[in-house]
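Coordinates as given in coords_14.cif (mmCIF, C-alpha atoms and all ligand atoms):
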```cif
data_target
#
loop_
_atom_site.group_PDB
_atom_site.id
_atom_site.type_symbol
_atom_site.label_atom_id
_atom_site.label_comp_id
_atom_site.auth_asym_id
_atom_site.auth_seq_id
_atom_site.Cartn_x
_atom_site.Cartn_y
_atom_site.Cartn_z
ATOM 1 C CA MET A 23 -20.701 4.134 41.866
ATOM 2 C CA GLY A 24 -23.757 4.028 39.609
ATOM 3 C CA VAL A 25 -25.882 0.868 39.466
ATOM 4 C CA VAL A 26 -26.624 -0.709 36.083
ATOM 5 C CA ASN A 27 -28.738 -3.841 36.589
ATOM 6 C CA VAL A 28 -29.214 -5.936 33.463
ATOM 7 C CA THR A 29 -31.606 -8.284 35.229
ATOM 8 C CA PRO A 30 -35.317 -8.992 34.813
ATOM 9 C CA ASP A 31 -35.904 -9.001 38.594
ATOM 10 C CA SER A 32 -33.756 -6.468 40.518
ATOM 11 C CA PHE A 33 -35.688 -4.946 43.381
ATOM 12 C CA SER A 34 -35.811 -1.354 42.156
ATOM 13 C CA ASP A 35 -35.005 -1.390 38.454
ATOM 14 C CA GLY A 36 -35.471 -4.994 37.282
ATOM 15 C CA GLY A 37 -36.485 -5.398 33.666
ATOM 16 C CA ARG A 38 -35.873 -1.771 32.723
ATOM 17 C CA LEU A 39 -32.662 -2.476 30.818
ATOM 18 C CA ALA A 40 -33.789 -5.537 28.897
ATOM 19 C CA ASN A 41 -31.819 -4.793 25.735
ATOM 20 C CA ILE A 42 -28.235 -3.716 25.172
ATOM 21 C CA GLU A 43 -29.173 -0.317 23.723
ATOM 22 C CA ALA A 44 -31.211 0.619 26.799
ATOM 23 C CA ALA A 45 -28.488 -0.642 29.146
ATOM 24 C CA LEU A 46 -25.730 1.208 27.296
ATOM 25 C CA ALA A 47 -27.733 4.432 27.215
ATOM 26 C CA HIS A 48 -28.425 4.142 30.940
ATOM 27 C CA ALA A 49 -24.768 3.458 31.784
ATOM 28 C CA LEU A 50 -23.625 6.436 29.683
ATOM 29 C CA ALA A 51 -26.248 8.644 31.329
ATOM 30 C CA LEU A 52 -24.866 7.701 34.761
ATOM 31 C CA ASP A 53 -21.345 8.427 33.466
ATOM 32 C CA ALA A 54 -22.496 11.866 32.242
ATOM 33 C CA ALA A 55 -24.211 12.484 35.592
ATOM 34 C CA GLY A 56 -20.898 12.062 37.387
ATOM 35 C CA ALA A 57 -20.511 8.430 38.411
ATOM 36 C CA ASP A 58 -16.835 7.520 38.828
ATOM 37 C CA ILE A 59 -17.584 3.804 38.659
ATOM 38 C CA LEU A 60 -20.300 1.920 36.758
ATOM 39 C CA ASP A 61 -21.376 -1.320 38.454
ATOM 40 C CA ILE A 62 -22.839 -3.874 36.041
ATOM 41 C CA GLY A 63 -24.951 -6.659 37.557
ATOM 42 C CA GLY A 64 -26.552 -9.674 35.871
ATOM 43 C CA GLU A 65 -28.011 -11.427 38.924
ATOM 44 C CA SER A 66 -30.427 -9.946 41.442
ATOM 45 C CA THR A 67 -29.414 -10.363 45.079
ATOM 46 C CA ARG A 68 -32.658 -8.969 46.474
ATOM 47 C CA PRO A 69 -34.123 -10.954 49.378
ATOM 48 C CA GLY A 70 -35.762 -14.094 48.028
ATOM 49 C CA ALA A 71 -34.056 -13.918 44.618
ATOM 50 C CA GLU A 72 -33.426 -17.207 42.818
ATOM 51 C CA PRO A 73 -29.844 -17.841 41.651
ATOM 52 C CA VAL A 74 -28.920 -17.500 37.978
ATOM 53 C CA ASN A 75 -26.370 -19.733 36.217
ATOM 54 C CA ALA A 76 -23.035 -18.393 34.984
ATOM 55 C CA ALA A 77 -23.866 -18.685 31.278
ATOM 56 C CA GLU A 78 -27.003 -16.592 31.726
ATOM 57 C CA GLU A 79 -25.183 -14.028 33.857
ATOM 58 C CA MET A 80 -22.451 -13.692 31.229
ATOM 59 C CA ALA A 81 -25.006 -13.396 28.424
ATOM 60 C CA ARG A 82 -26.544 -10.462 30.313
ATOM 61 C CA THR A 83 -23.380 -8.599 31.315
ATOM 62 C CA LEU A 84 -20.567 -9.258 28.824
ATOM 63 C CA PRO A 85 -22.161 -7.604 25.763
ATOM 64 C CA LEU A 86 -22.782 -4.465 27.833
ATOM 65 C CA LEU A 87 -19.245 -4.369 29.253
ATOM 66 C CA THR A 88 -17.811 -4.921 25.772
ATOM 67 C CA ALA A 89 -19.901 -2.111 24.280
ATOM 68 C CA LEU A 90 -19.288 0.231 27.197
ATOM 69 C CA ARG A 91 -15.510 -0.193 27.560
ATOM 70 C CA PRO A 92 -14.481 1.925 24.531
ATOM 71 C CA LYS A 93 -17.089 4.583 25.340
ATOM 72 C CA THR A 94 -16.033 5.609 28.836
ATOM 73 C CA LEU A 95 -12.940 6.303 30.894
ATOM 74 C CA ARG A 96 -14.849 5.527 34.112
ATOM 75 C CA ARG A 97 -13.951 2.426 36.042
ATOM 76 C CA LEU A 98 -16.211 -0.525 35.318
ATOM 77 C CA SER A 99 -17.249 -2.997 37.974
ATOM 78 C CA ILE A 100 -18.830 -6.445 37.652
ATOM 79 C CA ASP A 101 -21.278 -7.331 40.413
ATOM 80 C CA THR A 102 -20.985 -11.114 40.660
ATOM 81 C CA CYS A 103 -20.260 -13.968 43.068
ATOM 82 C CA LYS A 104 -19.115 -16.296 40.306
ATOM 83 C CA PRO A 105 -15.395 -16.552 39.509
ATOM 84 C CA GLU A 106 -16.012 -17.500 35.874
ATOM 85 C CA VAL A 107 -18.203 -14.420 35.347
ATOM 86 C CA ALA A 108 -15.657 -12.147 37.039
ATOM 87 C CA GLU A 109 -12.823 -13.562 34.951
ATOM 88 C CA ALA A 110 -14.707 -13.088 31.676
ATOM 89 C CA ALA A 111 -15.752 -9.571 32.716
ATOM 90 C CA VAL A 112 -12.199 -8.525 33.536
ATOM 91 C CA ARG A 113 -11.076 -9.925 30.173
ATOM 92 C CA VAL A 114 -13.485 -7.544 28.396
ATOM 93 C CA GLY A 115 -12.500 -4.532 30.482
ATOM 94 C CA ALA A 116 -13.935 -4.618 34.010
ATOM 95 C CA ASP A 117 -11.611 -3.019 36.569
ATOM 96 C CA ILE A 118 -13.364 -4.094 39.759
ATOM 97 C CA TRP A 119 -14.852 -7.394 40.977
ATOM 98 C CA ASN A 120 -17.741 -6.444 43.259
ATOM 99 C CA ASP A 121 -18.489 -9.651 45.177
ATOM 100 C CA VAL A 122 -21.375 -9.748 47.653
ATOM 101 C CA SER A 123 -19.964 -13.090 48.864
ATOM 102 C CA ALA A 124 -16.551 -11.501 49.675
ATOM 103 C CA LEU A 125 -14.639 -13.921 47.400
ATOM 104 C CA GLY A 126 -16.434 -16.823 49.069
ATOM 105 C CA ALA A 127 -16.507 -19.156 46.039
ATOM 106 C CA PRO A 128 -13.830 -21.860 45.814
ATOM 107 C CA GLY A 129 -10.681 -20.410 44.223
ATOM 108 C CA ALA A 130 -12.033 -16.842 44.197
ATOM 109 C CA PRO A 131 -9.193 -15.186 46.198
ATOM 110 C CA ASP A 132 -6.515 -16.810 44.003
ATOM 111 C CA LEU A 133 -8.363 -15.768 40.870
ATOM 112 C CA ALA A 134 -8.715 -12.162 42.090
ATOM 113 C CA ALA A 135 -4.970 -12.044 42.722
ATOM 114 C CA ARG A 136 -4.259 -13.467 39.275
ATOM 115 C CA LEU A 137 -6.642 -11.031 37.538
ATOM 116 C CA GLY A 138 -5.029 -8.076 39.320
ATOM 117 C CA CYS A 139 -8.376 -6.271 39.552
ATOM 118 C CA GLU A 140 -9.755 -4.351 42.525
ATOM 119 C CA VAL A 141 -12.147 -6.349 44.713
ATOM 120 C CA VAL A 142 -15.093 -5.295 46.838
ATOM 121 C CA LEU A 143 -15.563 -7.642 49.804
ATOM 122 C CA MET A 144 -19.128 -7.362 51.100
ATOM 123 C CA HIS A 145 -20.654 -8.823 54.250
ATOM 124 C CA MET A 146 -23.784 -10.958 53.974
ATOM 125 C CA GLN A 147 -25.361 -13.252 56.563
ATOM 126 C CA GLY A 148 -26.803 -16.326 54.806
ATOM 127 C CA GLU A 149 -27.694 -16.206 51.112
ATOM 128 C CA PRO A 150 -30.166 -14.012 49.217
ATOM 129 C CA ARG A 151 -32.953 -16.607 49.027
ATOM 130 C CA THR A 152 -33.274 -16.830 52.812
ATOM 131 C CA MET A 153 -31.124 -14.064 54.325
ATOM 132 C CA GLN A 154 -33.996 -11.921 55.651
ATOM 133 C CA THR A 155 -35.728 -14.831 57.418
ATOM 134 C CA SER A 156 -34.296 -14.220 60.888
ATOM 135 C CA PRO A 157 -30.927 -12.483 60.853
ATOM 136 C CA HIS A 158 -29.169 -12.576 64.221
ATOM 137 C CA TYR A 159 -26.021 -10.974 65.646
ATOM 138 C CA ASP A 160 -24.786 -10.435 69.200
ATOM 139 C CA ASP A 161 -22.913 -7.293 68.088
ATOM 140 C CA VAL A 162 -23.542 -6.563 64.425
ATOM 141 C CA LEU A 163 -20.850 -3.899 64.018
ATOM 142 C CA ALA A 164 -18.115 -5.947 65.669
ATOM 143 C CA GLU A 165 -19.097 -9.100 63.768
ATOM 144 C CA VAL A 166 -19.247 -7.376 60.365
ATOM 145 C CA CYS A 167 -15.882 -5.666 60.976
ATOM 146 C CA ALA A 168 -14.295 -8.956 62.099
ATOM 147 C CA PHE A 169 -15.689 -10.825 59.083
ATOM 148 C CA LEU A 170 -14.483 -8.217 56.595
ATOM 149 C CA GLU A 171 -11.065 -7.991 58.215
ATOM 150 C CA ALA A 172 -10.753 -11.785 58.001
ATOM 151 C CA ARG A 173 -11.826 -11.824 54.335
ATOM 152 C CA ALA A 174 -9.325 -9.047 53.565
ATOM 153 C CA GLY A 175 -6.663 -11.186 55.269
ATOM 154 C CA ILE A 176 -7.562 -14.115 53.012
ATOM 155 C CA ALA A 177 -7.409 -11.905 49.909
ATOM 156 C CA LEU A 178 -4.036 -10.500 50.990
ATOM 157 C CA ALA A 179 -2.679 -13.993 51.675
ATOM 158 C CA ALA A 180 -3.771 -15.067 48.181
ATOM 159 C CA GLY A 181 -1.786 -12.160 46.714
ATOM 160 C CA VAL A 182 -4.367 -9.400 46.165
ATOM 161 C CA ALA A 183 -2.570 -6.068 46.639
ATOM 162 C CA ARG A 184 -3.675 -4.168 49.731
ATOM 163 C CA GLU A 185 -4.589 -1.030 47.760
ATOM 164 C CA ARG A 186 -6.984 -3.059 45.597
ATOM 165 C CA ILE A 187 -9.212 -4.207 48.473
ATOM 166 C CA TRP A 188 -12.495 -2.481 49.387
ATOM 167 C CA LEU A 189 -14.839 -3.369 52.244
ATOM 168 C CA ASP A 190 -18.649 -3.057 52.277
ATOM 169 C CA PRO A 191 -20.960 -3.656 55.281
ATOM 170 C CA GLY A 192 -23.711 -5.093 53.036
ATOM 171 C CA ILE A 193 -26.693 -2.993 54.051
ATOM 172 C CA GLY A 194 -29.832 -5.138 53.767
ATOM 173 C CA PHE A 195 -28.005 -8.435 53.312
ATOM 174 C CA GLY A 196 -29.203 -10.554 56.244
ATOM 175 C CA LYS A 197 -29.933 -7.530 58.464
ATOM 176 C CA THR A 198 -32.922 -6.099 60.294
ATOM 177 C CA LEU A 199 -33.629 -2.377 60.426
ATOM 178 C CA GLU A 200 -31.763 -2.172 63.747
ATOM 179 C CA HIS A 201 -28.754 -3.979 62.278
ATOM 180 C CA ASN A 202 -28.660 -1.641 59.259
ATOM 181 C CA LEU A 203 -28.854 1.431 61.476
ATOM 182 C CA ALA A 204 -26.137 0.151 63.802
ATOM 183 C CA LEU A 205 -23.879 -0.394 60.792
ATOM 184 C CA LEU A 206 -24.619 3.036 59.335
ATOM 185 C CA ALA A 207 -23.989 4.694 62.696
ATOM 186 C CA GLY A 208 -20.840 2.603 63.130
ATOM 187 C CA LEU A 209 -19.280 3.315 59.724
ATOM 188 C CA PRO A 210 -16.290 5.147 61.258
ATOM 189 C CA ALA A 211 -15.220 1.844 62.871
ATOM 190 C CA LEU A 212 -15.295 0.106 59.488
ATOM 191 C CA VAL A 213 -13.449 2.999 57.830
ATOM 192 C CA GLY A 214 -10.930 2.716 60.665
ATOM 193 C CA LEU A 215 -9.852 -0.731 59.432
ATOM 194 C CA GLY A 216 -7.806 1.126 56.826
ATOM 195 C CA PHE A 217 -9.389 -0.062 53.567
ATOM 196 C CA PRO A 218 -11.610 2.048 51.300
ATOM 197 C CA VAL A 219 -15.249 1.427 52.198
ATOM 198 C CA LEU A 220 -18.136 1.136 49.743
ATOM 199 C CA LEU A 221 -21.651 1.804 51.036
ATOM 200 C CA GLY A 222 -24.746 0.498 49.245
ATOM 201 C CA ALA A 223 -27.894 1.858 50.872
ATOM 202 C CA SER A 224 -29.630 3.275 47.802
ATOM 203 C CA ARG A 225 -33.413 2.623 47.621
ATOM 204 C CA LYS A 226 -33.174 -0.222 50.126
ATOM 205 C CA ARG A 227 -36.119 -1.448 52.159
ATOM 206 C CA PHE A 228 -34.871 -0.131 55.526
ATOM 207 C CA ILE A 229 -35.658 3.390 54.242
ATOM 208 C CA ALA A 230 -39.359 2.504 53.926
ATOM 209 C CA ALA A 231 -39.265 0.962 57.405
ATOM 210 C CA ILE A 232 -38.177 4.291 58.923
ATOM 211 C CA GLY A 233 -39.968 7.082 57.174
ATOM 212 C CA PRO A 234 -43.377 7.856 55.808
ATOM 213 C CA GLY A 235 -43.943 6.536 52.279
ATOM 214 C CA GLY A 236 -41.268 4.772 50.273
ATOM 215 C CA GLU A 237 -43.149 1.525 49.656
ATOM 216 C CA ASP A 238 -42.069 1.792 46.019
ATOM 217 C CA PRO A 239 -38.233 1.664 45.765
ATOM 218 C CA GLY A 240 -38.367 4.593 43.329
ATOM 219 C CA ASP A 241 -39.824 6.720 46.148
ATOM 220 C CA ARG A 242 -36.796 6.290 48.449
ATOM 221 C CA LEU A 243 -34.589 9.072 47.088
ATOM 222 C CA GLY A 244 -34.708 11.210 50.239
ATOM 223 C CA GLY A 245 -33.653 8.335 52.454
ATOM 224 C CA SER A 246 -31.007 7.229 49.961
ATOM 225 C CA LEU A 247 -29.472 10.721 49.967
ATOM 226 C CA ALA A 248 -29.523 10.859 53.774
ATOM 227 C CA ALA A 249 -27.620 7.557 53.917
ATOM 228 C CA ALA A 250 -25.112 8.640 51.240
ATOM 229 C CA LEU A 251 -24.394 11.890 53.099
ATOM 230 C CA ALA A 252 -23.959 10.026 56.386
ATOM 231 C CA GLY A 253 -21.564 7.658 54.632
ATOM 232 C CA ALA A 254 -19.516 10.475 53.160
ATOM 233 C CA GLN A 255 -19.389 12.182 56.558
ATOM 234 C CA ALA A 256 -18.080 8.951 58.057
ATOM 235 C CA GLY A 257 -15.339 8.761 55.436
ATOM 236 C CA VAL A 258 -16.531 6.065 53.031
ATOM 237 C CA ALA A 259 -14.681 6.115 49.706
ATOM 238 C CA ALA A 260 -17.727 5.517 47.509
ATOM 239 C CA VAL A 261 -21.478 5.126 47.608
ATOM 240 C CA ARG A 262 -23.291 2.670 45.327
ATOM 241 C CA VAL A 263 -26.432 4.436 44.077
ATOM 242 C CA HIS A 264 -29.214 4.326 41.510
ATOM 243 C CA ASP A 265 -29.807 8.118 41.424
ATOM 244 C CA VAL A 266 -26.384 9.384 40.426
ATOM 245 C CA ALA A 267 -27.145 13.000 39.461
ATOM 246 C CA GLN A 268 -29.020 13.704 42.696
ATOM 247 C CA THR A 269 -26.372 11.991 44.817
ATOM 248 C CA VAL A 270 -23.511 13.885 43.160
ATOM 249 C CA GLN A 271 -25.386 17.136 43.813
ATOM 250 C CA ALA A 272 -25.959 16.261 47.473
ATOM 251 C CA LEU A 273 -22.310 15.254 47.978
ATOM 252 C CA GLU A 274 -21.035 18.398 46.234
ATOM 253 C CA VAL A 275 -23.164 20.624 48.464
ATOM 254 C CA GLN A 276 -22.025 18.731 51.552
ATOM 255 C CA ALA A 277 -18.387 19.135 50.491
ATOM 256 C CA ALA A 278 -18.856 22.844 49.743
ATOM 257 C CA ILE A 279 -20.377 23.429 53.175
ATOM 258 C CA ALA A 280 -17.537 21.494 54.792
ATOM 259 C CA ALA A 281 -15.033 23.652 52.892
ATOM 260 C CA GLY A 282 -16.726 26.771 54.313
ATOM 261 C CA GLY A 283 -15.097 29.977 53.029
ATOM 262 C CA GLY A 284 -12.666 27.927 50.953
ATOM 263 C CA PHE A 285 -15.260 27.019 48.308
ATOM 264 C CA SER A 286 -14.850 28.618 44.861
ATOM 265 C CA PRO A 287 -17.890 28.413 42.541
ATOM 266 C CA GLY A 288 -17.578 26.999 39.059
ATOM 267 C CA ARG A 289 -15.491 23.956 39.871
HETATM 268 N N1 LIG B 1 -26.418 -4.117 46.949
HETATM 269 C C1 LIG B 1 -27.046 -4.735 45.920
HETATM 270 C C2 LIG B 1 -26.296 -5.385 44.932
HETATM 271 N N2 LIG B 1 -24.941 -5.375 44.969
HETATM 272 N N3 LIG B 1 -22.925 -4.723 46.003
HETATM 273 C C3 LIG B 1 -22.291 -4.104 47.011
HETATM 274 N N4 LIG B 1 -20.949 -4.093 47.062
HETATM 275 N N5 LIG B 1 -22.975 -3.471 48.013
HETATM 276 C C4 LIG B 1 -24.343 -3.448 48.046
HETATM 277 O O1 LIG B 1 -24.920 -2.880 48.995
HETATM 278 C C5 LIG B 1 -25.048 -4.101 46.995
HETATM 279 C C6 LIG B 1 -24.297 -4.743 45.971
HETATM 280 C C7 LIG B 1 -28.536 -4.735 45.856
HETATM 281 O O2 LIG B 1 -29.023 -3.657 45.119
HETATM 282 P P1 LIG B 1 -29.463 -3.713 43.573
HETATM 283 O O3 LIG B 1 -28.316 -4.076 42.693
HETATM 284 O O4 LIG B 1 -30.136 -2.455 43.217
HETATM 285 O O5 LIG B 1 -30.564 -4.833 43.524
HETATM 286 P P2 LIG B 1 -30.570 -6.337 43.048
HETATM 287 O O6 LIG B 1 -29.606 -7.110 43.888
HETATM 288 O O7 LIG B 1 -31.996 -6.765 43.250
HETATM 289 O O8 LIG B 1 -30.149 -6.379 41.605
#
```
Can you give me the file's structure in the form of structure tokens?
Amino acid sequence: MGVVNVTPDSFSDGGRLANIEAALAHALALDAAGADILDIGGESTRPGAEPVNAAEEMARTLPLLTALRPKTLRRLSIDTCKPEVAEAAVRVGADIWNDVSALGAPGAPDLAARLGCEVVLMHMQGEPRTMQTSPHYDDVLAEVCAFLEARAGIALAAGVARERIWLDPGIGFGKTLEHNLALLAGLPALVGLGFPVLLGASRKRFIAAIGPGGEDPGDRLGGSLAAALAGAQAGVAAVRVHDVAQTVQALEVQAAIAAGGGFSPGR
């Protein structure tokens, strides 16, 4: 899943795609680089971010989705917590509702069932403005798994088809470095719940907290690749990344090594 942020303030690429031409070109470049899904976001969820209203979010995302839909066969995803934005996005061709609030808005599960789209249910403790203030868990892996299982149950009860539900541990969303690492190490438990798992670790701050360098989000490629490979090894179904070409290359090499003698060049 390639990230296309049409926001002025996203943590790693805010403001880069200020006009529709730049956003479309970027999305098509990620498509050409091998992204299976393009995730369009019109509101930053970085720690401390201020909320955006629905009209503004739609003004940022709908023109891009509309322009992109006839130009790609890839699945398109709308990254939003707002039911009205998700509904409008699906109407112009989005296939997936990527919701960092796990369908937490009033009426969201019913709407997702009615739209018939896929949904990504992500775990977050608190809300973006304050979530990194003092996150606390007794057992982060167990609590995130229990939360996501409960949210999946609510989506199922509302009528969302089981095969359309994804789970995401929400790396960096109300989590310390230790929490993020426990979740990354514990991914097999989340995968074991039986839903496809999406992992979003690309360029996130925890990478800078571990290794040398990486203060600038653009300098976190090595750590992002390490996390993507760990995710793939654990069986996640997709990784949400900014650097699509490099991630596809890393995953292809990992898969070729895993295939051992069975690999045939030129695929
Ligand atoms: N992370 C971000 C945004 N949306 N969605 C899912 N499902 N999982 C994630 O980990 C996730 C997400 C944050 O990254 P980014 O979009 O690059 O930044 P910003 O929120 O500042 O726009």
Near-ligand residues for ligand LIG 1 (chain B), threshold 8 Å, all atoms listed in the file, as a ChimeraX atom specification: /A:25-27,29,31-36,63-69,71,101,120-122,142-144,190-195,220-226,262-264
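For the set A:His201, A:Asp58, A:Pro92, A:Arg113, the residue with the smallest atom-to-atom gap to Ala164 in chain A is A:His201, counting all atoms listed in the file.
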Ser99 in chain A surroundings by all atoms listed in the file, 12 Å radius, close-in-sequence under 6 positions cut, as a PyMOL selection string: chain A and resi 23-27+49+57-64+83-84+86-87+90-91+107-109+111-112+114-121+139-142+262
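Taking all atoms listed in the file into account, Leu52 in chain A lies nearest to A:Val270 out of the set A:Val28, A:Val182, A:Val270, A:Ala277.
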Around range 226-235 of chain A, with edges along x, y and z and 3 Å added on all six sides, what centre and edge lengths do you get, in Å to one decimal, as AutoDock Vina command-line options?
```
--center_x -38.6 --center_y 3.2 --center_z 54.5 --size_x 16.8 --size_y 15.3 --size_z 14.8
```
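Taking CA of Met146 in chain A and CA of Gly196 in chain A as endpoints, the distance between them is 5.9 Å.
Nearest to Thr94 in chain A of all the residues A:Gly175, A:Pro218, A:Gly37, A:Gly56 is A:Gly56, based on all atoms listed in the file.
Residue selection for this entry, given the PyMOL selection byres (((chain A and resi 151) around 7) and not hetatm), comprises Pro69, Gly70, Ala71, Glu72, Glu149, Pro150, Thr152 and Met153 of chain A.
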Output the selection as an mmCIF file, in the coordinates of the input - C-alpha atoms for each residue.
```cif
data_model
loop_
_atom_site.group_PDB
_atom_site.id
_atom_site.type_symbol
_atom_site.label_atom_id
_atom_site.label_comp_id
_atom_site.auth_asym_id
_atom_site.auth_seq_id
_atom_site.Cartn_x
_atom_site.Cartn_y
_atom_site.Cartn_z
ATOM 1 C CA PRO A 69 -34.123 -10.954 49.378
ATOM 2 C CA GLY A 70 -35.762 -14.094 48.028
ATOM 3 C CA ALA A 71 -34.056 -13.918 44.618
ATOM 4 C CA GLU A 72 -33.426 -17.207 42.818
ATOM 5 C CA GLU A 149 -27.694 -16.206 51.112
ATOM 6 C CA PRO A 150 -30.166 -14.012 49.217
ATOM 7 C CA THR A 152 -33.274 -16.830 52.812
ATOM 8 C CA MET A 153 -31.124 -14.064 54.325
#
```
Residue nearest Gln271 in chain A among A:Ala179, A:Leu215, A:Ala55, A:Ala124 (counting only C-alpha atoms): A:Ala55
Just say which residues the PyMOL selection byres (((chain A and resi 200) around 12) and not hetatm) picks in this file, as a PDB file with C-alpha atoms, in the coordinates of the input.
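The new file expr.pdb reads:
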```pdb
ATOM      1  CA  PRO A 157     -30.927 -12.483  60.853  1.00  0.00           C
ATOM      2  CA  HIS A 158     -29.169 -12.576  64.221  1.00  0.00           C
ATOM      3  CA  TYR A 159     -26.021 -10.974  65.646  1.00  0.00           C
ATOM      4  CA  ASP A 161     -22.913  -7.293  68.088  1.00  0.00           C
ATOM      5  CA  VAL A 162     -23.542  -6.563  64.425  1.00  0.00           C
ATOM      6  CA  LEU A 163     -20.850  -3.899  64.018  1.00  0.00           C
ATOM      7  CA  ILE A 193     -26.693  -2.993  54.051  1.00  0.00           C
ATOM      8  CA  GLY A 194     -29.832  -5.138  53.767  1.00  0.00           C
ATOM      9  CA  GLY A 196     -29.203 -10.554  56.244  1.00  0.00           C
ATOM     10  CA  LYS A 197     -29.933  -7.530  58.464  1.00  0.00           C
ATOM     11  CA  THR A 198     -32.922  -6.099  60.294  1.00  0.00           C
ATOM     12  CA  LEU A 199     -33.629  -2.377  60.426  1.00  0.00           C
ATOM     13  CA  HIS A 201     -28.754  -3.979  62.278  1.00  0.00           C
ATOM     14  CA  ASN A 202     -28.660  -1.641  59.259  1.00  0.00           C
ATOM     15  CA  LEU A 203     -28.854   1.431  61.476  1.00  0.00           C
ATOM     16  CA  ALA A 204     -26.137   0.151  63.802  1.00  0.00           C
ATOM     17  CA  LEU A 205     -23.879  -0.394  60.792  1.00  0.00           C
ATOM     18  CA  LEU A 206     -24.619   3.036  59.335  1.00  0.00           C
ATOM     19  CA  ALA A 207     -23.989   4.694  62.696  1.00  0.00           C
ATOM     20  CA  GLY A 208     -20.840   2.603  63.130  1.00  0.00           C
ATOM     21  CA  PHE A 228     -34.871  -0.131  55.526  1.00  0.00           C
ATOM     22  CA  ILE A 229     -35.658   3.390  54.242  1.00  0.00           C
ATOM     23  CA  ALA A 231     -39.265   0.962  57.405  1.00  0.00           C
ATOM     24  CA  ILE A 232     -38.177   4.291  58.923  1.00  0.00           C
TER      25      ILE A 232
END
```
Atomic distance CA of Gly233 in chain A - CA of Ala249 in chain A, expressed in Å with one decimal: 12.8 Å
Pick from A:Ala172, A:Lys93, A:Gln276, A:Ala180, whichever lies nearest to Gly253 in chain A using all atoms listed in the file: A:Gln276
CA of Ala252 in chain A to CA of Gly216 in chain A, straight-line distance in Å: 18.4 Å
Range 34-38 of chain A from the block above: all heavy atoms written as a PDB file, in the first residue's frame:
```pdb
ATOM      1  N   SER A  34       5.811  13.215   7.209  1.00  0.00           N
ATOM      2  CA  SER A  34       6.993  12.995   6.381  1.00  0.00           C
ATOM      3  C   SER A  34       6.888  13.615   5.005  1.00  0.00           C
ATOM      4  O   SER A  34       7.888  13.845   4.349  1.00  0.00           O
ATOM      5  CB  SER A  34       7.287  11.501   6.248  1.00  0.00           C
ATOM      6  OG  SER A  34       6.562  10.943   5.190  1.00  0.00           O
ATOM      7  N   ASP A  35       5.668  13.858   4.530  1.00  0.00           N
ATOM      8  CA  ASP A  35       5.542  14.356   3.156  1.00  0.00           C
ATOM      9  C   ASP A  35       4.508  15.472   3.039  1.00  0.00           C
ATOM     10  O   ASP A  35       3.996  15.739   1.962  1.00  0.00           O
ATOM     11  CB  ASP A  35       5.189  13.199   2.209  1.00  0.00           C
ATOM     12  CG  ASP A  35       3.980  12.406   2.690  1.00  0.00           C
ATOM     13  OD1 ASP A  35       3.395  12.781   3.726  1.00  0.00           O
ATOM     14  OD2 ASP A  35       3.623  11.417   2.029  1.00  0.00           O
ATOM     15  N   GLY A  36       4.185  16.117   4.156  1.00  0.00           N
ATOM     16  CA  GLY A  36       3.173  17.183   4.145  1.00  0.00           C
ATOM     17  C   GLY A  36       3.552  18.312   3.198  1.00  0.00           C
ATOM     18  O   GLY A  36       4.698  18.730   3.150  1.00  0.00           O
ATOM     19  N   GLY A  37       2.557  18.770   2.436  1.00  0.00           N
ATOM     20  CA  GLY A  37       2.774  19.926   1.580  1.00  0.00           C
ATOM     21  C   GLY A  37       3.409  19.619   0.239  1.00  0.00           C
ATOM     22  O   GLY A  37       3.446  20.458  -0.646  1.00  0.00           O
ATOM     23  N   ARG A  38       3.868  18.386   0.053  1.00  0.00           N
ATOM     24  CA  ARG A  38       4.564  18.066  -1.205  1.00  0.00           C
ATOM     25  C   ARG A  38       3.597  17.941  -2.370  1.00  0.00           C
ATOM     26  O   ARG A  38       3.953  18.143  -3.512  1.00  0.00           O
ATOM     27  CB  ARG A  38       5.356  16.759  -1.053  1.00  0.00           C
ATOM     28  CG  ARG A  38       6.705  16.971  -0.379  1.00  0.00           C
ATOM     29  CD  ARG A  38       7.552  15.711  -0.488  1.00  0.00           C
ATOM     30  NE  ARG A  38       7.545  15.174  -1.834  1.00  0.00           N
ATOM     31  CZ  ARG A  38       7.337  13.897  -2.141  1.00  0.00           C
ATOM     32  NH1 ARG A  38       7.127  13.015  -1.197  1.00  0.00           N
ATOM     33  NH2 ARG A  38       7.357  13.481  -3.386  1.00  0.00           N
TER      34      ARG A  38
END
```
